[in-house]
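Pasted below: final_18.pdb, PDB, C-alpha atoms and all ligand atoms.
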```
ATOM      1  CA  MET P 278      49.654-224.471 -46.254
ATOM      2  CA  THR P 279      49.091-221.032 -47.727
ATOM      3  CA  ASP P 280      51.578-219.234 -45.541
ATOM      4  CA  ARG P 281      53.599-216.329 -46.911
ATOM      5  CA  LEU P 282      56.792-218.310 -47.081
ATOM      6  CA  PRO P 283      58.886-218.436 -49.200
ATOM      7  CA  HIS P 284      57.651-214.923 -50.088
ATOM      8  CA  GLU P 285      58.738-211.985 -47.947
ATOM      9  CA  LYS P 286      55.648-209.886 -48.424
ATOM     10  CA  GLY P 287      51.931-210.415 -48.798
ATOM     11  CA  PHE P 288      49.733-208.188 -50.958
ATOM     12  CA  HIS P 289      46.101-208.746 -50.016
ATOM     13  CA  VAL P 290      43.571-207.729 -52.645
ATOM     14  CA  SER P 291      39.900-207.201 -51.726
ATOM     15  CA  TRP P 292      37.025-207.702 -54.179
ATOM     16  CA  ASP P 293      36.616-203.970 -54.289
ATOM     17  CA  GLN P 294      40.278-203.415 -55.119
ATOM     18  CA  LEU P 295      40.242-206.146 -57.746
ATOM     19  CA  HIS P 296      37.172-204.624 -59.359
ATOM     20  CA  ARG P 297      38.829-201.208 -59.504
ATOM     21  CA  ASP P 298      42.116-202.586 -60.832
ATOM     22  CA  ALA P 299      40.372-204.725 -63.487
ATOM     23  CA  ARG P 300      38.398-201.675 -64.612
ATOM     24  CA  ALA P 301      41.667-199.718 -64.789
ATOM     25  CA  LEU P 302      43.019-202.503 -67.010
ATOM     26  CA  ALA P 303      39.981-202.211 -69.293
ATOM     27  CA  TRP P 304      40.524-198.460 -69.470
ATOM     28  CA  ARG P 305      44.109-198.993 -70.637
ATOM     29  CA  LEU P 306      43.060-201.628 -73.144
ATOM     30  CA  GLN P 307      40.772-199.183 -74.932
ATOM     31  CA  ASP P 308      43.862-197.338 -76.170
ATOM     32  CA  VAL P 309      45.458-200.434 -77.667
ATOM     33  CA  ALA P 310      42.391-202.037 -79.260
ATOM     34  CA  PRO P 311      43.061-203.601 -82.674
ATOM     35  CA  ALA P 312      42.507-201.713 -85.924
ATOM     36  CA  GLY P 313      38.773-201.239 -86.301
ATOM     37  CA  GLY P 314      38.502-200.739 -82.558
ATOM     38  CA  GLU P 315      37.062-204.093 -81.471
ATOM     39  CA  TRP P 316      38.540-207.185 -79.854
ATOM     40  CA  ARG P 317      37.066-210.339 -81.396
ATOM     41  CA  ALA P 318      37.081-212.287 -78.144
ATOM     42  CA  VAL P 319      38.391-212.427 -74.605
ATOM     43  CA  ILE P 320      40.200-215.577 -73.508
ATOM     44  CA  ALA P 321      40.410-216.003 -69.731
ATOM     45  CA  ILE P 322      43.245-218.063 -68.293
ATOM     46  CA  THR P 323      41.543-220.183 -65.659
ATOM     47  CA  ARG P 324      40.992-219.985 -62.947
ATOM     48  CA  GLY P 325      42.447-216.687 -61.737
ATOM     49  CA  GLY P 326      41.815-214.856 -65.006
ATOM     50  CA  MET P 327      38.088-215.483 -64.991
ATOM     51  CA  ALA P 328      36.938-212.688 -62.687
ATOM     52  CA  PRO P 329      39.221-210.054 -64.269
ATOM     53  CA  ALA P 330      38.232-211.271 -67.767
ATOM     54  CA  MET P 331      34.542-210.927 -66.919
ATOM     55  CA  ILE P 332      35.054-207.355 -65.695
ATOM     56  CA  VAL P 333      37.163-206.386 -68.734
ATOM     57  CA  ALA P 334      34.654-207.991 -71.138
ATOM     58  CA  ARG P 335      31.839-206.104 -69.466
ATOM     59  CA  GLU P 336      33.633-202.754 -69.648
ATOM     60  CA  LEU P 337      34.663-203.193 -73.274
ATOM     61  CA  ASP P 338      31.354-204.783 -74.319
ATOM     62  CA  ILE P 339      32.956-207.971 -75.601
ATOM     63  CA  ARG P 340      30.400-210.792 -75.604
ATOM     64  CA  THR P 341      32.547-213.638 -76.879
ATOM     65  CA  VAL P 342      34.472-215.135 -73.967
ATOM     66  CA  ASP P 343      36.357-218.436 -73.913
ATOM     67  CA  THR P 344      38.875-220.043 -71.569
ATOM     68  CA  ILE P 345      42.246-221.730 -71.625
ATOM     69  CA  SER P 346      43.012-223.850 -68.583
ATOM     70  CA  VAL P 347      46.594-223.868 -67.398
ATOM     71  CA  LYS P 348      47.762-225.526 -64.241
ATOM     72  CA  SER P 349      51.164-224.609 -62.885
ATOM     73  CA  TYR P 350      50.864-224.047 -59.136
ATOM     74  CA  ASN P 351      49.847-226.176 -56.204
ATOM     75  CA  HIS P 352      49.432-223.497 -53.550
ATOM     76  CA  GLN P 353      52.771-221.635 -53.733
ATOM     77  CA  THR P 354      54.811-224.404 -55.330
ATOM     78  CA  GLN P 355      55.286-224.239 -59.088
ATOM     79  CA  SER P 356      55.584-227.205 -61.407
ATOM     80  CA  GLU P 357      55.662-227.245 -65.215
ATOM     81  CA  ALA P 358      52.809-225.268 -66.806
ATOM     82  CA  GLN P 359      50.354-227.619 -68.492
ATOM     83  CA  VAL P 360      47.468-226.709 -70.798
ATOM     84  CA  ILE P 361      44.615-228.937 -69.673
ATOM     85  CA  LYS P 362      41.869-227.327 -71.784
ATOM     86  CA  SER P 363      42.198-225.244 -74.971
ATOM     87  CA  PRO P 364      39.857-222.542 -76.248
ATOM     88  CA  ASP P 365      37.943-222.957 -79.516
ATOM     89  CA  MET P 366      40.861-222.671 -81.946
ATOM     90  CA  ASP P 367      38.504-221.969 -84.889
ATOM     91  CA  LEU P 368      37.544-218.837 -83.005
ATOM     92  CA  VAL P 369      41.015-217.900 -81.814
ATOM     93  CA  GLY P 370      43.181-218.719 -84.854
ATOM     94  CA  ASP P 371      46.653-217.231 -84.403
ATOM     95  CA  GLY P 372      45.295-214.817 -81.782
ATOM     96  CA  GLU P 373      44.941-211.747 -84.013
ATOM     97  CA  GLY P 374      42.349-209.403 -82.449
ATOM     98  CA  VAL P 375      42.058-211.607 -79.369
ATOM     99  CA  LEU P 376      42.549-210.421 -75.801
ATOM    100  CA  ILE P 377      44.006-212.849 -73.260
ATOM    101  CA  VAL P 378      43.368-211.971 -69.615
ATOM    102  CA  ASP P 379      44.927-213.327 -66.435
ATOM    103  CA  ASP P 380      45.005-212.094 -62.860
ATOM    104  CA  LEU P 381      48.806-211.885 -62.695
ATOM    105  CA  VAL P 382      52.089-212.829 -64.238
ATOM    106  CA  ASP P 383      54.808-214.120 -61.921
ATOM    107  CA  THR P 384      57.601-216.123 -63.607
ATOM    108  CA  GLY P 385      55.875-215.866 -67.012
ATOM    109  CA  ARG P 386      55.745-219.661 -67.470
ATOM    110  CA  THR P 387      51.967-219.755 -67.773
ATOM    111  CA  LEU P 388      51.946-217.016 -70.399
ATOM    112  CA  LYS P 389      54.764-218.682 -72.324
ATOM    113  CA  VAL P 390      52.637-221.751 -73.042
ATOM    114  CA  VAL P 391      49.589-219.607 -73.756
ATOM    115  CA  ARG P 392      51.455-217.326 -76.152
ATOM    116  CA  GLU P 393      52.859-220.309 -78.040
ATOM    117  CA  ARG P 394      49.280-221.242 -78.943
ATOM    118  CA  MET P 395      48.072-217.708 -79.730
ATOM    119  CA  PRO P 396      51.173-215.764 -80.823
ATOM    120  CA  LYS P 397      49.328-212.694 -82.157
ATOM    121  CA  ALA P 398      47.023-212.194 -79.184
ATOM    122  CA  HIS P 399      47.246-209.197 -76.860
ATOM    123  CA  VAL P 400      48.064-210.336 -73.327
ATOM    124  CA  ALA P 401      46.767-208.396 -70.315
ATOM    125  CA  THR P 402      47.115-209.029 -66.583
ATOM    126  CA  VAL P 403      45.993-206.987 -63.616
ATOM    127  CA  TYR P 404      49.222-207.487 -61.643
ATOM    128  CA  ALA P 405      52.774-208.226 -62.765
ATOM    129  CA  LYS P 406      56.031-209.250 -61.134
ATOM    130  CA  PRO P 407      59.372-208.258 -62.725
ATOM    131  CA  MET P 408      60.352-211.760 -63.947
ATOM    132  CA  GLY P 409      57.266-212.117 -66.113
ATOM    133  CA  ARG P 410      56.534-208.509 -66.974
ATOM    134  CA  ASP P 411      57.893-208.745 -70.523
ATOM    135  CA  MET P 412      55.425-211.547 -71.299
ATOM    136  CA  VAL P 413      52.547-209.072 -70.837
ATOM    137  CA  ASP P 414      51.457-206.344 -73.253
ATOM    138  CA  THR P 415      49.298-204.404 -70.769
ATOM    139  CA  PHE P 416      49.090-204.546 -66.957
ATOM    140  CA  VAL P 417      48.043-202.225 -64.137
ATOM    141  CA  THR P 418      50.166-202.701 -61.010
ATOM    142  CA  GLU P 419      53.659-204.113 -60.518
ATOM    143  CA  VAL P 420      54.655-205.789 -57.262
ATOM    144  CA  SER P 421      58.095-207.040 -56.259
ATOM    145  CA  GLN P 422      59.162-210.600 -57.054
ATOM    146  CA  ASP P 423      59.207-211.568 -53.364
ATOM    147  CA  THR P 424      55.549-210.574 -52.899
ATOM    148  CA  TRP P 425      52.772-213.164 -52.839
ATOM    149  CA  ILE P 426      49.457-211.764 -54.046
ATOM    150  CA  PHE P 427      46.413-213.022 -52.159
ATOM    151  CA  PHE P 428      43.194-212.761 -54.148
ATOM    152  CA  PRO P 429      39.742-212.247 -52.634
ATOM    153  CA  TRP P 430      38.630-215.747 -53.626
ATOM    154  CA  ASP P 431      41.440-217.158 -51.437
ATOM    155  CA  MET P 432      40.572-215.129 -48.344
ATOM    156  CA  ALA P 433      37.830-214.602 -45.766
ATOM    157  CA  LEU P 434      37.099-211.837 -43.267
ATOM    158  CA  GLN P 435      38.214-212.811 -39.793
ATOM    159  CA  TYR P 436      38.824-211.354 -36.360
ATOM    160  CA  VAL P 437      42.294-209.989 -35.577
ATOM    161  CA  GLU P 438      43.714-209.295 -32.135
ATOM    162  CA  PRO P 439      44.346-205.584 -31.409
ATOM    163  CA  TYR P 440      48.002-204.503 -31.347
ATOM    164  CA  ARG P 441      47.704-203.816 -27.603
ATOM    165  CA  GLY P 442      46.214-206.807 -25.833
ATOM    166  CA  ALA P 443      43.985-206.435 -22.752
TER
HETATM  167  O1  LIG P 501      53.689-216.414 -64.299
HETATM  168  P1  LIG P 501      53.556-217.732 -63.588
HETATM  169  O2  LIG P 501      54.720-218.010 -62.672
HETATM  170  O3  LIG P 501      53.283-218.878 -64.502
HETATM  171  O4  LIG P 501      52.322-217.611 -62.566
HETATM  172  C1  LIG P 501      51.119-216.958 -62.864
HETATM  173  C2  LIG P 501      49.949-217.896 -62.843
HETATM  174  O5  LIG P 501      49.851-218.544 -61.567
HETATM  175  C3  LIG P 501      48.517-218.441 -61.081
HETATM  176  O6  LIG P 501      47.695-219.479 -61.587
HETATM  177  P2  LIG P 501      47.679-220.957 -60.979
HETATM  178  O7  LIG P 501      48.550-221.849 -61.823
HETATM  179  O8  LIG P 501      48.005-220.892 -59.522
HETATM  180  O9  LIG P 501      46.201-221.463 -61.181
HETATM  181  P3  LIG P 501      44.793-220.801 -60.847
HETATM  182  O10 LIG P 501      44.667-219.561 -61.687
HETATM  183  O11 LIG P 501      43.826-221.862 -61.240
HETATM  184  O12 LIG P 501      44.757-220.492 -59.378
HETATM  185  C4  LIG P 501      48.038-217.126 -61.639
HETATM  186  O13 LIG P 501      46.611-217.098 -61.698
HETATM  187  C5  LIG P 501      48.650-217.111 -63.017
HETATM  188  O14 LIG P 501      47.820-217.770 -63.947
HETATM  189  N1  LIG P 502      47.540-216.117 -55.728
HETATM  190  C1  LIG P 502      48.737-216.085 -56.329
HETATM  191  N2  LIG P 502      49.029-216.990 -57.277
HETATM  192  C2  LIG P 502      50.246-216.891 -57.852
HETATM  193  N3  LIG P 502      50.819-217.663 -58.804
HETATM  194  C3  LIG P 502      52.050-217.199 -59.033
HETATM  195  N4  LIG P 502      52.322-216.135 -58.268
HETATM  196  C4  LIG P 502      51.200-215.932 -57.512
HETATM  197  C5  LIG P 502      50.868-214.967 -56.507
HETATM  198  O1  LIG P 502      51.634-214.061 -56.142
HETATM  199  N5  LIG P 502      49.604-215.109 -55.953
HETATM  200 MG    MG P 503      46.120-218.753 -62.964
END
```

Turn this file's structure into structure tokens for me.
Ligand SMILES: O=P(O)(O)OC[C@H]1O[C@H](OP(=O)(O)OP(=O)(O)O)[C@H](O)[C@@H]1O
Ligand SMILES: Nc1nc2[nH]cnc2c(=O)[nH]1
Ligand SMILES: [Mg+2]
Amino acid sequence: MTDRLPHEKGFHVSWDQLHRDARALAWRLQDVAPAGGEWRAVIAITRGGMAPAMIVARELDIRTVDTISVKSYNHQTQSEAQVIKSPDMDLVGDGEGVLIVDDLVDTGRTLKVVRERMPKAHVATVYAKPMGRDMVDTFVTEVSQDTWIFFPWDMALQYVEPYRGA
């Protein structure tokens, strides 16, 4: 089940917070745009990168968006990262002028396989943990390694008991 364990802390991100943080990422990316000022395409790492990629593409007015599908986690248990769908490699080439977006980097294993396929791409994530931070060129917020990030698509509003019961 999606309990916190084995992570010590939980960082719960609302849609509103994710929207703000993804826009902050887009703001940072403006300063590192390739020569000529335009990214050729955004590549979202599915599935978690899709919402942030959409927001970044909207802010930076990038209309060409593709995906790379990588599966590495089953809930909180990691196995080997596997590319199960590639982007259009005629479009992507070696990654020059291409922006790769994911929701977070944790161990960096997902980004390792992605970078092998697009070595010259710029890699951006909204959140980063220390182990994988060096795999990312631009990110917004760092959380500790023992934190599990819960995204809005994994959560629902629900009643909580007050601290002081009746
Ligand atoms: O740096 P790593 O340790 O490789 O972990 C980071 C990856 O793990 C999560 O994806 P996940 O494999 O759970 O798939 P999903 O995006 O489809 O939920 C997250 O969205 C990142 O893509
Ligand atoms: N949702 C979520 N997926 C992850 N995949 C690897 N680390 C994390 C995390 O902290 N949260
Ligand atoms: Mg993912």

Would you translate the PyMOL selection byres (((chain P and resi 401) around 7) and not hetatm) into the concrete set of residues it matches in this file, as an NGL selection string? :P and (377-379 or 399-400 or 402-403 or 413-416)

Of the candidates P:Leu376, P:Val333, P:Val290, P:Met366, which shows the shortest atom-to-atom distance to ligand LIG 502 (chain P), using only C-alpha atoms and all ligand atoms? P:Val290

So which residues get picked by the PyMOL selection byres (((chain P and resi 357) around 9) and not hetatm) here, written as a ChimeraX atom specification? /P:348-350,355-356,358-359,386-387

Atom pair atom N1 of ligand LIG 502 (chain P) / CA of Trp425 (chain P): separation (Å):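 Separating atom N1 of ligand LIG 502 (chain P) from CA of Trp425 (chain P) is a distance of 6.7 Å.
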
Taking only C-alpha atoms and all ligand atoms into account, which residues are within 10 Å of ligand MG 503 (chain P), as a PDB file with C-alpha atoms, keeping the file's coordinate frame?
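Written file, part_26.pdb:
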```
ATOM      1  CA  ALA P 321      40.410-216.003 -69.731  1.00  0.00           C
ATOM      2  CA  ILE P 322      43.245-218.063 -68.293  1.00  0.00           C
ATOM      3  CA  THR P 323      41.543-220.183 -65.659  1.00  0.00           C
ATOM      4  CA  ARG P 324      40.992-219.985 -62.947  1.00  0.00           C
ATOM      5  CA  GLY P 325      42.447-216.687 -61.737  1.00  0.00           C
ATOM      6  CA  GLY P 326      41.815-214.856 -65.006  1.00  0.00           C
ATOM      7  CA  MET P 327      38.088-215.483 -64.991  1.00  0.00           C
ATOM      8  CA  ILE P 345      42.246-221.730 -71.625  1.00  0.00           C
ATOM      9  CA  SER P 346      43.012-223.850 -68.583  1.00  0.00           C
ATOM     10  CA  VAL P 347      46.594-223.868 -67.398  1.00  0.00           C
ATOM     11  CA  LYS P 348      47.762-225.526 -64.241  1.00  0.00           C
ATOM     12  CA  SER P 349      51.164-224.609 -62.885  1.00  0.00           C
ATOM     13  CA  TYR P 350      50.864-224.047 -59.136  1.00  0.00           C
ATOM     14  CA  VAL P 378      43.368-211.971 -69.615  1.00  0.00           C
ATOM     15  CA  ASP P 379      44.927-213.327 -66.435  1.00  0.00           C
ATOM     16  CA  ASP P 380      45.005-212.094 -62.860  1.00  0.00           C
ATOM     17  CA  LEU P 381      48.806-211.885 -62.695  1.00  0.00           C
ATOM     18  CA  VAL P 382      52.089-212.829 -64.238  1.00  0.00           C
ATOM     19  CA  ASP P 383      54.808-214.120 -61.921  1.00  0.00           C
ATOM     20  CA  THR P 387      51.967-219.755 -67.773  1.00  0.00           C
ATOM     21  CA  LEU P 388      51.946-217.016 -70.399  1.00  0.00           C
TER      22      LEU P 388
END
```

Interatomic distance (Å, one decimal) between CA of Phe288 (chain P) and CA of Phe428 (chain P):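 That distance, rounded to one decimal, is 8.6 Å.
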
Please provide the set of residues having any atom within 7 Å of Asp371 (chain P), restricted to all atoms listed in the file, with same-chain residues fewer than 4 positions apart removed, written as a VMD selection string. chain P and resid 395 to 397

Let me make sure I understand: among P:Ser291, P:Gln307, P:Ser421, P:Asn351, which one has the smallest atom-to-atom distance to Thr384 (chain P) if we use only C-alpha atoms?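 So, comparing all the options, the nearest one is P:Ser421.
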
Would you place a box with edges along x, y and z of the file around all atoms of ligand LIG 502 (chain P) listed there, add 4 Å to each of its six sides, and report the centre and edge lengths in Å to one decimal, as AutoDock Vina command-line options?
```
--center_x 49.9 --center_y -215.9 --center_z -57.4 --size_x 12.8 --size_y 11.6 --size_z 11.3
```
